[in-house]
>>> print(open('coords-v5.pdb').read())   # PDB, C-alpha atoms
ATOM      1  CA  MET A 165      26.723   1.146  14.001
ATOM      2  CA  SER A 166      24.887  -2.108  13.744
ATOM      3  CA  ASP A 167      21.840  -1.849  15.955
ATOM      4  CA  GLU A 168      19.367  -4.389  14.705
ATOM      5  CA  VAL A 169      15.652  -4.375  15.201
ATOM      6  CA  VAL A 170      13.605  -7.491  14.503
ATOM      7  CA  ILE A 171       9.862  -7.339  13.993
ATOM      8  CA  THR A 172       7.839 -10.537  13.876
ATOM      9  CA  ILE A 173       5.322 -10.698  11.042
ATOM     10  CA  ALA A 174       2.318 -12.820  11.935
ATOM     11  CA  SER A 175      -0.715 -10.613  11.270
ATOM     12  CA  ASP A 176      -1.814  -7.618   9.229
ATOM     13  CA  VAL A 177      -1.121  -5.326  12.196
ATOM     14  CA  ASP A 178       2.552  -6.359  12.048
ATOM     15  CA  VAL A 179       2.708  -5.219   8.418
ATOM     16  CA  VAL A 180       1.778  -1.708   9.549
ATOM     17  CA  THR A 181       4.245  -1.835  12.468
ATOM     18  CA  ALA A 182       7.060  -2.981  10.174
ATOM     19  CA  ARG A 183       6.553  -0.295   7.562
ATOM     20  CA  GLN A 184       6.243   2.404  10.220
ATOM     21  CA  HIS A 185       9.478   1.242  11.793
ATOM     22  CA  GLY A 186      11.157   1.242   8.386
ATOM     23  CA  ARG A 187      10.011   4.788   7.773
ATOM     24  CA  GLU A 188      11.385   5.963  11.136
ATOM     25  CA  LEU A 189      14.689   4.269  10.459
ATOM     26  CA  ALA A 190      14.881   5.841   7.008
ATOM     27  CA  GLU A 191      14.189   9.220   8.558
ATOM     28  CA  GLN A 192      17.021   8.714  11.070
ATOM     29  CA  VAL A 193      19.402   7.873   8.259
ATOM     30  CA  GLY A 194      18.355  11.108   6.564
ATOM     31  CA  PHE A 195      16.354   9.853   3.600
ATOM     32  CA  SER A 196      13.977  12.329   1.944
ATOM     33  CA  ALA A 197      10.239  12.079   2.638
ATOM     34  CA  GLY A 198       9.845  10.538  -0.814
ATOM     35  CA  ASP A 199      12.441   7.855  -0.145
ATOM     36  CA  GLN A 200      10.950   7.164   3.290
ATOM     37  CA  THR A 201       7.646   6.403   1.575
ATOM     38  CA  VAL A 202       9.333   4.247  -1.045
ATOM     39  CA  ILE A 203      11.103   2.219   1.656
ATOM     40  CA  ALA A 204       7.884   1.860   3.669
ATOM     41  CA  ALA A 205       6.017   0.668   0.560
ATOM     42  CA  ALA A 206       8.694  -1.939  -0.216
ATOM     43  CA  ILE A 207       8.538  -3.214   3.375
ATOM     44  CA  SER A 208       4.762  -3.436   3.138
ATOM     45  CA  GLU A 209       5.013  -5.629   0.039
ATOM     46  CA  ILE A 210       7.586  -8.063   1.430
ATOM     47  CA  ALA A 211       5.821  -8.236   4.805
ATOM     48  CA  ARG A 212       2.601  -9.087   2.990
ATOM     49  CA  ASN A 213       4.435 -11.755   1.020
ATOM     50  CA  ILE A 214       5.425 -13.384   4.312
ATOM     51  CA  LEU A 215       1.803 -13.389   5.483
ATOM     52  CA  ASN A 216       0.436 -14.686   2.192
ATOM     53  CA  TYR A 217       2.911 -17.480   1.612
ATOM     54  CA  ALA A 218       4.519 -18.415   4.922
ATOM     55  CA  ARG A 219       1.947 -17.033   7.394
ATOM     56  CA  ARG A 220       4.761 -16.120   9.732
ATOM     57  CA  GLY A 221       8.250 -14.691   9.576
ATOM     58  CA  ALA A 222      10.401 -11.783  10.654
ATOM     59  CA  ILE A 223      11.880  -8.604   9.261
ATOM     60  CA  THR A 224      15.242  -7.353  10.458
ATOM     61  CA  PHE A 225      16.156  -3.696  10.105
ATOM     62  CA  ARG A 226      19.646  -2.294  10.165
ATOM     63  CA  MET A 227      20.998   1.102   9.340
ATOM     64  CA  VAL A 228      24.371   1.614   7.788
ATOM     65  CA  LEU A 229      26.132   4.834   8.611
ATOM     66  CA  ASP A 230      29.687   5.110   7.443
ATOM     67  CA  GLY A 231      31.836   7.694   5.795
ATOM     68  CA  ASP A 232      31.252   6.637   2.232
ATOM     69  CA  ARG A 233      27.595   5.855   2.208
ATOM     70  CA  SER A 234      24.639   5.408   4.448
ATOM     71  CA  GLY A 235      21.444   3.526   4.006
ATOM     72  CA  VAL A 236      19.144   0.824   5.276
ATOM     73  CA  ILE A 237      19.340  -2.940   5.034
ATOM     74  CA  ILE A 238      16.098  -4.833   5.425
ATOM     75  CA  VAL A 239      15.986  -8.607   5.605
ATOM     76  CA  ALA A 240      12.709 -10.513   5.490
ATOM     77  CA  SER A 241      12.903 -14.174   6.335
ATOM     78  CA  ASP A 242      10.473 -16.989   6.819
ATOM     79  CA  GLN A 243      10.441 -20.756   7.117
ATOM     80  CA  GLY A 244       7.531 -21.104   4.756
ATOM     81  CA  PRO A 245       7.132 -23.287   1.667
ATOM     82  CA  GLY A 246       9.795 -21.380  -0.266
ATOM     83  CA  ILE A 247       9.603 -20.121  -3.834
ATOM     84  CA  PRO A 248      10.002 -22.936  -6.373
ATOM     85  CA  ASP A 249      10.950 -20.623  -9.228
ATOM     86  CA  VAL A 250      12.518 -17.356  -8.067
ATOM     87  CA  PRO A 251      13.036 -15.819 -11.546
ATOM     88  CA  LYS A 252       9.361 -16.443 -12.306
ATOM     89  CA  ALA A 253       8.285 -14.917  -8.980
ATOM     90  CA  MET A 254      10.271 -11.813  -9.922
ATOM     91  CA  GLN A 255       8.148 -11.306 -13.050
ATOM     92  CA  ASP A 256       5.449  -8.656 -12.977
ATOM     93  CA  GLY A 257       1.971 -10.054 -12.653
ATOM     94  CA  TYR A 258       3.032 -13.476 -11.461
ATOM     95  CA  SER A 259       1.142 -14.476  -8.342
ATOM     96  CA  THR A 260       0.059 -17.728  -6.779
ATOM     97  CA  SER A 261      -1.835 -16.076  -3.923
ATOM     98  CA  GLY A 262      -4.488 -14.230  -5.900
ATOM     99  CA  GLY A 263      -2.731 -10.923  -5.351
ATOM    100  CA  LEU A 264      -1.677  -8.457  -7.995
ATOM    101  CA  GLY A 265       1.649 -10.204  -8.408
ATOM    102  CA  LEU A 266       3.500  -6.994  -7.731
ATOM    103  CA  GLY A 267       5.015  -7.936  -4.391
ATOM    104  CA  LEU A 268       8.573  -8.956  -5.185
ATOM    105  CA  PRO A 269       9.092  -7.223  -8.554
ATOM    106  CA  GLY A 270       7.437  -4.079  -7.189
ATOM    107  CA  ALA A 271       9.625  -4.011  -4.099
ATOM    108  CA  ARG A 272      12.694  -4.596  -6.242
ATOM    109  CA  ARG A 273      11.913  -1.519  -8.324
ATOM    110  CA  LEU A 274      11.683   0.554  -5.166
ATOM    111  CA  MET A 275      15.028  -0.483  -3.698
ATOM    112  CA  ASP A 276      18.650  -0.212  -4.873
ATOM    113  CA  GLU A 277      19.681  -3.774  -4.150
ATOM    114  CA  PHE A 278      17.415  -6.765  -3.937
ATOM    115  CA  GLU A 279      18.223 -10.408  -3.444
ATOM    116  CA  VAL A 280      15.990 -13.424  -2.966
ATOM    117  CA  VAL A 281      17.264 -16.715  -1.623
ATOM    118  CA  SER A 282      14.750 -19.501  -1.425
ATOM    119  CA  ALA A 283      14.577 -23.250  -1.323
ATOM    120  CA  PRO A 284      11.470 -25.440  -1.345
ATOM    121  CA  ARG A 285      10.291 -26.251   2.199
ATOM    122  CA  GLN A 286      13.153 -24.278   3.720
ATOM    123  CA  GLY A 287      11.756 -20.804   3.456
ATOM    124  CA  THR A 288      12.656 -17.562   1.814
ATOM    125  CA  THR A 289      15.012 -14.715   2.645
ATOM    126  CA  VAL A 290      14.691 -11.381   0.898
ATOM    127  CA  THR A 291      17.491  -8.875   1.446
ATOM    128  CA  MET A 292      16.964  -5.354   0.223
ATOM    129  CA  LYS A 293      19.036  -2.227   0.551
ATOM    130  CA  LYS A 294      18.590   1.388  -0.209
ATOM    131  CA  TRP A 295      21.397   3.917  -0.233
ATOM    132  CA  LYS A 296      21.003   7.569   0.443
ATOM    133  CA  ARG A 297      21.745   9.720  -2.533
ATOM    134  CA  THR A 298      24.478  12.171  -1.737
ATOM    135  CA  HIS A 299      23.410  14.533  -4.513
ATOM    136  CA  GLY A 300      20.314  15.353  -6.553
TER     137      GLY A 300
ATOM    138  CA  MET B 105      -9.352   1.355  13.531
ATOM    139  CA  GLU B 106     -12.731   1.987  11.991
ATOM    140  CA  VAL B 107     -12.929   4.766   9.405
ATOM    141  CA  PRO B 108     -15.696   7.308  10.090
ATOM    142  CA  ILE B 109     -18.195   7.672   7.243
ATOM    143  CA  LEU B 110     -20.131  10.943   6.997
ATOM    144  CA  LYS B 111     -23.226  11.532   4.940
ATOM    145  CA  GLN B 112     -23.449  14.835   3.126
ATOM    146  CA  GLY B 113     -26.439  15.233   0.838
ATOM    147  CA  PHE B 114     -26.285  12.468  -1.766
ATOM    148  CA  TYR B 115     -22.674  11.692  -0.937
ATOM    149  CA  LEU B 116     -20.797   9.552   1.550
ATOM    150  CA  ILE B 117     -17.425  10.785   2.741
ATOM    151  CA  ALA B 118     -14.962   8.371   4.320
ATOM    152  CA  SER B 119     -12.053  10.165   5.832
ATOM    153  CA  ILE B 120      -9.126   7.927   6.704
ATOM    154  CA  GLN B 121      -7.454   9.232   9.871
ATOM    155  CA  SER B 122      -4.428   6.989  10.338
ATOM    156  CA  ALA B 123      -2.569   3.977   8.988
ATOM    157  CA  LEU B 124      -4.948   1.118   8.233
ATOM    158  CA  THR B 125      -4.458  -2.605   8.460
ATOM    159  CA  ASP B 126      -5.698  -4.889   5.693
ATOM    160  CA  ALA B 127      -8.677  -5.804   7.870
ATOM    161  CA  ASP B 128      -9.541  -2.105   8.378
ATOM    162  CA  LEU B 129      -9.439  -1.516   4.624
ATOM    163  CA  SER B 130     -11.643  -4.497   3.875
ATOM    164  CA  GLN B 131     -14.080  -3.331   6.555
ATOM    165  CA  LEU B 132     -14.208   0.125   4.950
ATOM    166  CA  ARG B 133     -15.001  -1.429   1.569
ATOM    167  CA  GLU B 134     -17.867  -3.512   3.001
ATOM    168  CA  ALA B 135     -19.249  -0.584   5.009
ATOM    169  CA  LEU B 136     -19.300   1.792   2.022
ATOM    170  CA  VAL B 137     -20.843  -0.713  -0.364
ATOM    171  CA  ALA B 138     -23.585  -1.382   2.212
ATOM    172  CA  ARG B 139     -24.199   2.286   3.027
ATOM    173  CA  VAL B 140     -24.593   3.305  -0.612
ATOM    174  CA  GLY B 141     -27.843   1.321  -0.453
ATOM    175  CA  LYS B 142     -28.862   2.368   3.035
ATOM    176  CA  PHE B 143     -28.482   6.097   2.323
ATOM    177  CA  ARG B 144     -29.268   5.921  -1.400
ATOM    178  CA  ALA B 145     -25.972   7.665  -2.047
ATOM    179  CA  ARG B 146     -24.992   8.750  -5.578
ATOM    180  CA  GLY B 147     -21.369   9.374  -4.820
ATOM    181  CA  VAL B 148     -18.591   8.308  -2.468
ATOM    182  CA  ILE B 149     -15.437  10.169  -1.537
ATOM    183  CA  VAL B 150     -12.561   8.333   0.124
ATOM    184  CA  ASP B 151     -10.067  10.788   1.555
ATOM    185  CA  VAL B 152      -6.631   9.147   1.831
ATOM    186  CA  THR B 153      -4.675  12.292   2.759
ATOM    187  CA  ALA B 154      -3.568  10.673   6.033
ATOM    188  CA  LEU B 155      -2.306   7.480   4.372
ATOM    189  CA  ASP B 156       1.469   7.549   4.219
ATOM    190  CA  VAL B 157       1.738   4.399   2.117
ATOM    191  CA  MET B 158      -0.471   2.777  -0.488
ATOM    192  CA  ASP B 159       0.693  -0.721  -1.201
ATOM    193  CA  SER B 160      -0.758  -3.316  -3.557
ATOM    194  CA  PHE B 161      -3.393  -4.455  -1.075
ATOM    195  CA  ALA B 162      -4.616  -0.914  -0.369
ATOM    196  CA  VAL B 163      -4.811  -0.109  -4.076
ATOM    197  CA  ARG B 164      -6.650  -3.318  -4.911
ATOM    198  CA  THR B 165      -9.129  -2.778  -2.080
ATOM    199  CA  LEU B 166      -9.848   0.830  -3.119
ATOM    200  CA  ARG B 167     -10.212  -0.199  -6.746
ATOM    201  CA  ASP B 168     -12.648  -2.983  -5.795
ATOM    202  CA  LEU B 169     -14.530  -0.528  -3.594
ATOM    203  CA  ALA B 170     -14.907   1.911  -6.505
ATOM    204  CA  HIS B 171     -16.093  -0.798  -8.884
ATOM    205  CA  MET B 172     -18.531  -2.262  -6.348
ATOM    206  CA  THR B 173     -20.116   1.093  -5.491
ATOM    207  CA  ARG B 174     -20.412   1.841  -9.219
ATOM    208  CA  LEU B 175     -22.348  -1.403  -9.634
ATOM    209  CA  ARG B 176     -24.611  -0.102  -6.866
ATOM    210  CA  GLY B 177     -25.157   3.166  -8.738
ATOM    211  CA  ALA B 178     -22.708   5.439  -6.920
ATOM    212  CA  GLU B 179     -19.527   6.909  -8.321
ATOM    213  CA  THR B 180     -16.420   6.820  -6.098
ATOM    214  CA  VAL B 181     -13.572   9.289  -6.153
ATOM    215  CA  ILE B 182     -10.326   8.845  -4.217
ATOM    216  CA  VAL B 183      -8.911  12.151  -2.986
ATOM    217  CA  GLY B 184      -5.751  13.299  -1.251
ATOM    218  CA  ILE B 185      -3.058  10.945  -2.575
ATOM    219  CA  GLN B 186       0.149  12.610  -1.370
ATOM    220  CA  PRO B 187       2.968  13.295  -3.862
ATOM    221  CA  GLU B 188       5.418  10.818  -2.269
ATOM    222  CA  VAL B 189       2.679   8.195  -2.113
ATOM    223  CA  ALA B 190       1.913   8.721  -5.813
ATOM    224  CA  PHE B 191       5.610   8.369  -6.611
ATOM    225  CA  ALA B 192       5.934   5.075  -4.742
ATOM    226  CA  MET B 193       2.686   3.767  -6.263
ATOM    227  CA  VAL B 194       3.876   4.372  -9.806
ATOM    228  CA  GLN B 195       7.213   2.707  -9.074
ATOM    229  CA  LEU B 196       5.370  -0.279  -7.646
ATOM    230  CA  GLY B 197       3.282  -0.426 -10.821
ATOM    231  CA  LEU B 198       0.044   0.550  -9.065
ATOM    232  CA  THR B 199      -2.145   2.859 -11.105
ATOM    233  CA  LEU B 200      -5.763   2.734  -9.828
ATOM    234  CA  LYS B 201      -6.838   2.350 -13.447
ATOM    235  CA  GLY B 202     -10.556   2.947 -13.966
ATOM    236  CA  VAL B 203     -10.914   4.759 -10.652
ATOM    237  CA  ALA B 204     -11.565   8.490 -10.405
ATOM    238  CA  THR B 205      -9.105  10.522  -8.351
ATOM    239  CA  ALA B 206      -9.037  14.186  -7.382
ATOM    240  CA  LEU B 207      -6.594  16.460  -5.623
ATOM    241  CA  ASP B 208      -8.568  17.009  -2.438
ATOM    242  CA  LEU B 209     -12.024  16.908  -0.891
ATOM    243  CA  GLU B 210     -13.096  20.116  -2.617
ATOM    244  CA  GLU B 211     -12.129  18.835  -6.068
ATOM    245  CA  GLY B 212     -13.719  15.484  -5.258
ATOM    246  CA  LEU B 213     -17.058  17.179  -4.564
ATOM    247  CA  VAL B 214     -16.821  19.154  -7.815
ATOM    248  CA  PHE B 215     -16.130  15.910  -9.672
ATOM    249  CA  LEU B 216     -19.114  14.127  -8.126
ATOM    250  CA  ASP B 217     -21.458  17.049  -8.801
ATOM    251  CA  ARG B 218     -20.465  16.891 -12.466
ATOM    252  CA  GLN B 219     -20.900  13.106 -12.607
ATOM    253  CA  VAL B 220     -24.308  13.175 -10.963
ATOM    254  CA  LYS B 221     -25.475  16.028 -13.191
ATOM    255  CA  ALA B 222     -24.261  14.213 -16.320
ATOM    256  CA  ARG B 223     -26.187  11.136 -15.253
ATOM    257  CA  SER B 224     -29.449  12.978 -14.654
ATOM    258  CA  ASP B 225     -29.077  14.963 -17.915
ATOM    259  CA  HIS B 226     -28.649  11.692 -19.702
ATOM    260  CA  VAL B 227     -31.953  10.236 -18.549
TER     261      VAL B 227
END
>>> encode(input="coords-v5.pdb", output="structure tokens")
Amino acid sequence: MSDEVVITIASDVDVVTARQHGRELAEQVGFSAGDQTVIAAAISEIARNILNYARRGAITFRMVLDGDRSGVIIVASDQGPGIPDVPKAMQDGYSTSGGLGLGLPGARRLMDEFEVVSAPRQGTTVTMKKWKRTHG
Amino acid sequence: MEVPILKQGFYLIASIQSALTDADLSQLREALVARVGKFRARGVIVDVTALDVMDSFAVRTLRDLAHMTRLRGAETVIVGIQPEVAFAMVQLGLTLKGVATALDLEEGLVFLDRQVKARSDHV
């Protein structure tokens, strides 16, 4: 199954729409209420990052349902200014937008896999995944 | 969506009914800080039971709200943070440090009564 949903992020209303969609998707995959909230919170942070730094971008949602494991893949991309120093941006408390500086490192803590690809003036792509725990 | 603010005695109660945008949250902060003066309120309760996510912006706005109302002479208590929301907040590194929280509206009122009493005893 590879149904993709793309949500454009261009205003604060879109941040709410994106995290609500992420929660619904997580529910469909069978994540617990706790994990649904965690996924929604991570989406909120990366969506806000798009608004703060690039003003505009998109988030793509995909669910993975196969025999071995199921989960969600969320890709946030923009054509904004890019992140000059990705390792630095991944540090807690580092912010150039006047925020709390928790956006990327916070979202990373919430998800199982987290990857940032960015180049100056070419934009940023954040790919994050969460897998459903089969036990515990 | 605008958050309704009720006045009960010396307290203001803002009860969030649904997901809020950043603009809604900022509007709530401004409205409460203004109304503390208008109604001479001594305490503010913000009920977030209906919020299914608290991200960094929401936490910062609520923290600023609490600090601003305190500067205006009213104590703020945030009530109703759901267990999953608390879990995600802690993982994000969001703690609401320096802001009073209580389990629910009832506990929030008890907290404010104690705060207000302590203040008047002090004088």
>>> closest_atom_pairs(input="coords-v5.pdb", of="chain A", to="chain B", cutoff="6 Å", atoms="all atoms listed in the file", output="JSON lines")
{"residue": "A:Asp176", "atom": "CA", "partner": "B:Thr125", "partner_atom": "CA", "distance": 5.7}
{"residue": "A:Val177", "atom": "CA", "partner": "B:Thr125", "partner_atom": "CA", "distance": 5.7}
{"residue": "A:Gly198", "atom": "CA", "partner": "B:Glu188", "partner_atom": "CA", "distance": 4.7}
{"residue": "A:Val202", "atom": "CA", "partner": "B:Ala192", "partner_atom": "CA", "distance": 5.1}
{"residue": "A:Ala205", "atom": "CA", "partner": "B:Asp159", "partner_atom": "CA", "distance": 5.8}
{"residue": "A:Gly270", "atom": "CA", "partner": "B:Leu196", "partner_atom": "CA", "distance": 4.3}
>>> residues_around(input="coords-v5.pdb", residues="A:Val239", least_positions_apart="3", cutoff="12 Å", atoms="all atoms listed in the file", output="MDAnalysis selection string")
chainID A and resid 168:172 182 186 206:207 210:211 214 221:227 236 242 277:281 288:294
>>> atom_distance(input="coords-v5.pdb", atom1="atom CA of A:Gly246", atom2="atom CA of A:Gln286")
6.0 Å
>>> closest_residue(input="coords-v5.pdb", among="B:Met172, B:Ala118, B:Ala138, B:Leu155", to="B:Leu209", atoms="only C-alpha atoms")
B:Ala118
>>> atom_distance(input="coords-v5.pdb", atom1="atom CA of A:Phe195", atom2="atom CA of A:Arg272")
17.9 Å
>>> closest_residue(input="coords-v5.pdb", among="A:Ala253, A:Ala197, A:Ala204, A:Ala271", to="A:Thr181", atoms="all atoms listed in the file")
A:Ala204
>>> resolve_selection(input="coords-v5.pdb", expression="the PyMOL selection byres ((chain B and resi 166) around 9)", output="number ranges by chain")
B: 129-130, 133, 150, 161-165, 167-171, 182, 200, 203
>>> residues_near_point(input="coords-v5.pdb", point="(0.2, -10.4, 10.0)", cutoff="8 Å", atoms="all atoms listed in the file", output="PDB file with C-alpha atoms, in the coordinates of the input")
ATOM      1  CA  ILE A 173       5.322 -10.698  11.042  1.00  0.00           C
ATOM      2  CA  ALA A 174       2.318 -12.820  11.935  1.00  0.00           C
ATOM      3  CA  SER A 175      -0.715 -10.613  11.270  1.00  0.00           C
ATOM      4  CA  ASP A 176      -1.814  -7.618   9.229  1.00  0.00           C
ATOM      5  CA  VAL A 177      -1.121  -5.326  12.196  1.00  0.00           C
ATOM      6  CA  ASP A 178       2.552  -6.359  12.048  1.00  0.00           C
ATOM      7  CA  VAL A 179       2.708  -5.219   8.418  1.00  0.00           C
ATOM      8  CA  ALA A 211       5.821  -8.236   4.805  1.00  0.00           C
ATOM      9  CA  ARG A 212       2.601  -9.087   2.990  1.00  0.00           C
ATOM     10  CA  LEU A 215       1.803 -13.389   5.483  1.00  0.00           C
ATOM     11  CA  ARG A 219       1.947 -17.033   7.394  1.00  0.00           C
ATOM     12  CA  ARG A 220       4.761 -16.120   9.732  1.00  0.00           C
TER      13      ARG A 220
END
>>> residues_around(input="coords-v5.pdb", residues="B:Gly141", least_positions_apart="5", cutoff="12 Å", atoms="all atoms listed in the file", output="MDAnalysis selection string")
chainID B and resid 114:116 134:136 146:148 172:178
>>> resolve_selection(input="coords-v5.pdb", expression="the PyMOL selection byres ((chain A and resi 249) around 12)", output="MDAnalysis selection string")
chainID A and resid 245:248 250:255 258:260 280:284 288
>>> write_last_selection(input="coords-v5.pdb", atoms="C-alpha atoms", output="compact mmCIF listing (two decimals), keeping the file's coordinate frame")
# COMPACT_ATOMS: atom_id res chain seq x y z
CA PRO A 245 7.13 -23.29 1.67
CA GLY A 246 9.80 -21.38 -0.27
CA ILE A 247 9.60 -20.12 -3.83
CA PRO A 248 10.00 -22.94 -6.37
CA VAL A 250 12.52 -17.36 -8.07
CA PRO A 251 13.04 -15.82 -11.55
CA LYS A 252 9.36 -16.44 -12.31
CA ALA A 253 8.28 -14.92 -8.98
CA MET A 254 10.27 -11.81 -9.92
CA GLN A 255 8.15 -11.31 -13.05
CA TYR A 258 3.03 -13.48 -11.46
CA SER A 259 1.14 -14.48 -8.34
CA THR A 260 0.06 -17.73 -6.78
CA VAL A 280 15.99 -13.42 -2.97
CA VAL A 281 17.26 -16.72 -1.62
CA SER A 282 14.75 -19.50 -1.42
CA ALA A 283 14.58 -23.25 -1.32
CA PRO A 284 11.47 -25.44 -1.34
CA THR A 288 12.66 -17.56 1.81
>>> closest_residue(input="coords-v5.pdb", among="B:Ile120, B:Ala206, B:Leu110, B:Ala222", to="B:Val140", atoms="all atoms listed in the file")
B:Leu110
>>> resolve_selection(input="coords-v5.pdb", expression="the PyMOL selection byres ((chain A and resi 187) around 9)", output="list in words")
Ala182, Arg183, Gln184, His185, Gly186, Glu188, Leu189, Ala190, Glu191, Gln192, Ala197, Asp199, Gln200, Thr201, Val202, Ile203 and Ala204 of chain A
>>> closest_residue(input="coords-v5.pdb", among="B:Thr205, B:Thr199, B:Gln121, B:Gln131", to="B:Ile149", atoms="only C-alpha atoms")
B:Thr205
>>> atom_distance(input="coords-v5.pdb", atom1="atom CA of A:Asn216", atom2="atom CA of A:Gly244")
9.9 Å
>>> residues_near_point(input="coords-v5.pdb", point="(26.2, 0.5, 5.7)", cutoff="10 Å", atoms="only C-alpha atoms", output="PyMOL selection string")
chain A and resi 165-166+226-237+293-295
>>> build_atoms(input="coords-v5.pdb", residues="stretch 182-200 of chain A", atoms="N, CA and C atoms", output="mmCIF file, in the coordinates of the input")
data_model
loop_
_atom_site.group_PDB
_atom_site.id
_atom_site.type_symbol
_atom_site.label_atom_id
_atom_site.label_comp_id
_atom_site.auth_asym_id
_atom_site.auth_seq_id
_atom_site.Cartn_x
_atom_site.Cartn_y
_atom_site.Cartn_z
ATOM 1 N N ALA A 182 5.779 -2.842 10.881
ATOM 2 C CA ALA A 182 7.060 -2.981 10.174
ATOM 3 C C ALA A 182 7.306 -1.795 9.254
ATOM 4 N N ARG A 183 6.287 -1.376 8.501
ATOM 5 C CA ARG A 183 6.553 -0.295 7.562
ATOM 6 C C ARG A 183 6.727 1.035 8.291
ATOM 7 N N GLN A 184 6.041 1.176 9.453
ATOM 8 C CA GLN A 184 6.243 2.404 10.220
ATOM 9 C C GLN A 184 7.646 2.441 10.819
ATOM 10 N N HIS A 185 8.119 1.280 11.273
ATOM 11 C CA HIS A 185 9.478 1.242 11.793
ATOM 12 C C HIS A 185 10.483 1.564 10.686
ATOM 13 N N GLY A 186 10.258 0.990 9.512
ATOM 14 C CA GLY A 186 11.157 1.242 8.386
ATOM 15 C C GLY A 186 11.213 2.715 8.028
ATOM 16 N N ARG A 187 10.054 3.357 8.081
ATOM 17 C CA ARG A 187 10.011 4.788 7.773
ATOM 18 C C ARG A 187 10.814 5.597 8.804
ATOM 19 N N GLU A 188 10.645 5.244 10.087
ATOM 20 C CA GLU A 188 11.385 5.963 11.136
ATOM 21 C C GLU A 188 12.885 5.789 10.969
ATOM 22 N N LEU A 189 13.270 4.551 10.660
ATOM 23 C CA LEU A 189 14.689 4.269 10.459
ATOM 24 C C LEU A 189 15.227 5.080 9.282
ATOM 25 N N ALA A 190 14.466 5.102 8.206
ATOM 26 C CA ALA A 190 14.881 5.841 7.008
ATOM 27 C C ALA A 190 15.013 7.337 7.312
ATOM 28 N N GLU A 191 14.131 7.815 8.167
ATOM 29 C CA GLU A 191 14.189 9.220 8.558
ATOM 30 C C GLU A 191 15.470 9.497 9.354
ATOM 31 N N GLN A 192 15.796 8.557 10.261
ATOM 32 C CA GLN A 192 17.021 8.714 11.070
ATOM 33 C C GLN A 192 18.269 8.747 10.195
ATOM 34 N N VAL A 193 18.246 7.928 9.154
ATOM 35 C CA VAL A 193 19.402 7.873 8.259
ATOM 36 C C VAL A 193 19.490 9.162 7.428
ATOM 37 N N GLY A 194 18.357 9.844 7.289
ATOM 38 C CA GLY A 194 18.355 11.108 6.564
ATOM 39 C C GLY A 194 17.778 11.023 5.158
ATOM 40 N N PHE A 195 17.015 9.969 4.907
ATOM 41 C CA PHE A 195 16.354 9.853 3.600
ATOM 42 C C PHE A 195 15.292 10.944 3.462
ATOM 43 N N SER A 196 15.034 11.353 2.227
ATOM 44 C CA SER A 196 13.977 12.329 1.944
ATOM 45 C C SER A 196 12.618 11.716 2.257
ATOM 46 N N ALA A 197 11.599 12.579 2.374
ATOM 47 C CA ALA A 197 10.239 12.079 2.638
ATOM 48 C C ALA A 197 9.807 11.111 1.547
ATOM 49 N N GLY A 198 10.193 11.409 0.305
ATOM 50 C CA GLY A 198 9.845 10.538 -0.814
ATOM 51 C C GLY A 198 10.469 9.160 -0.659
ATOM 52 N N ASP A 199 11.767 9.141 -0.314
ATOM 53 C CA ASP A 199 12.441 7.855 -0.145
ATOM 54 C C ASP A 199 11.919 7.099 1.075
ATOM 55 N N GLN A 200 11.534 7.827 2.113
ATOM 56 C CA GLN A 200 10.950 7.164 3.290
ATOM 57 C C GLN A 200 9.683 6.408 2.878
#
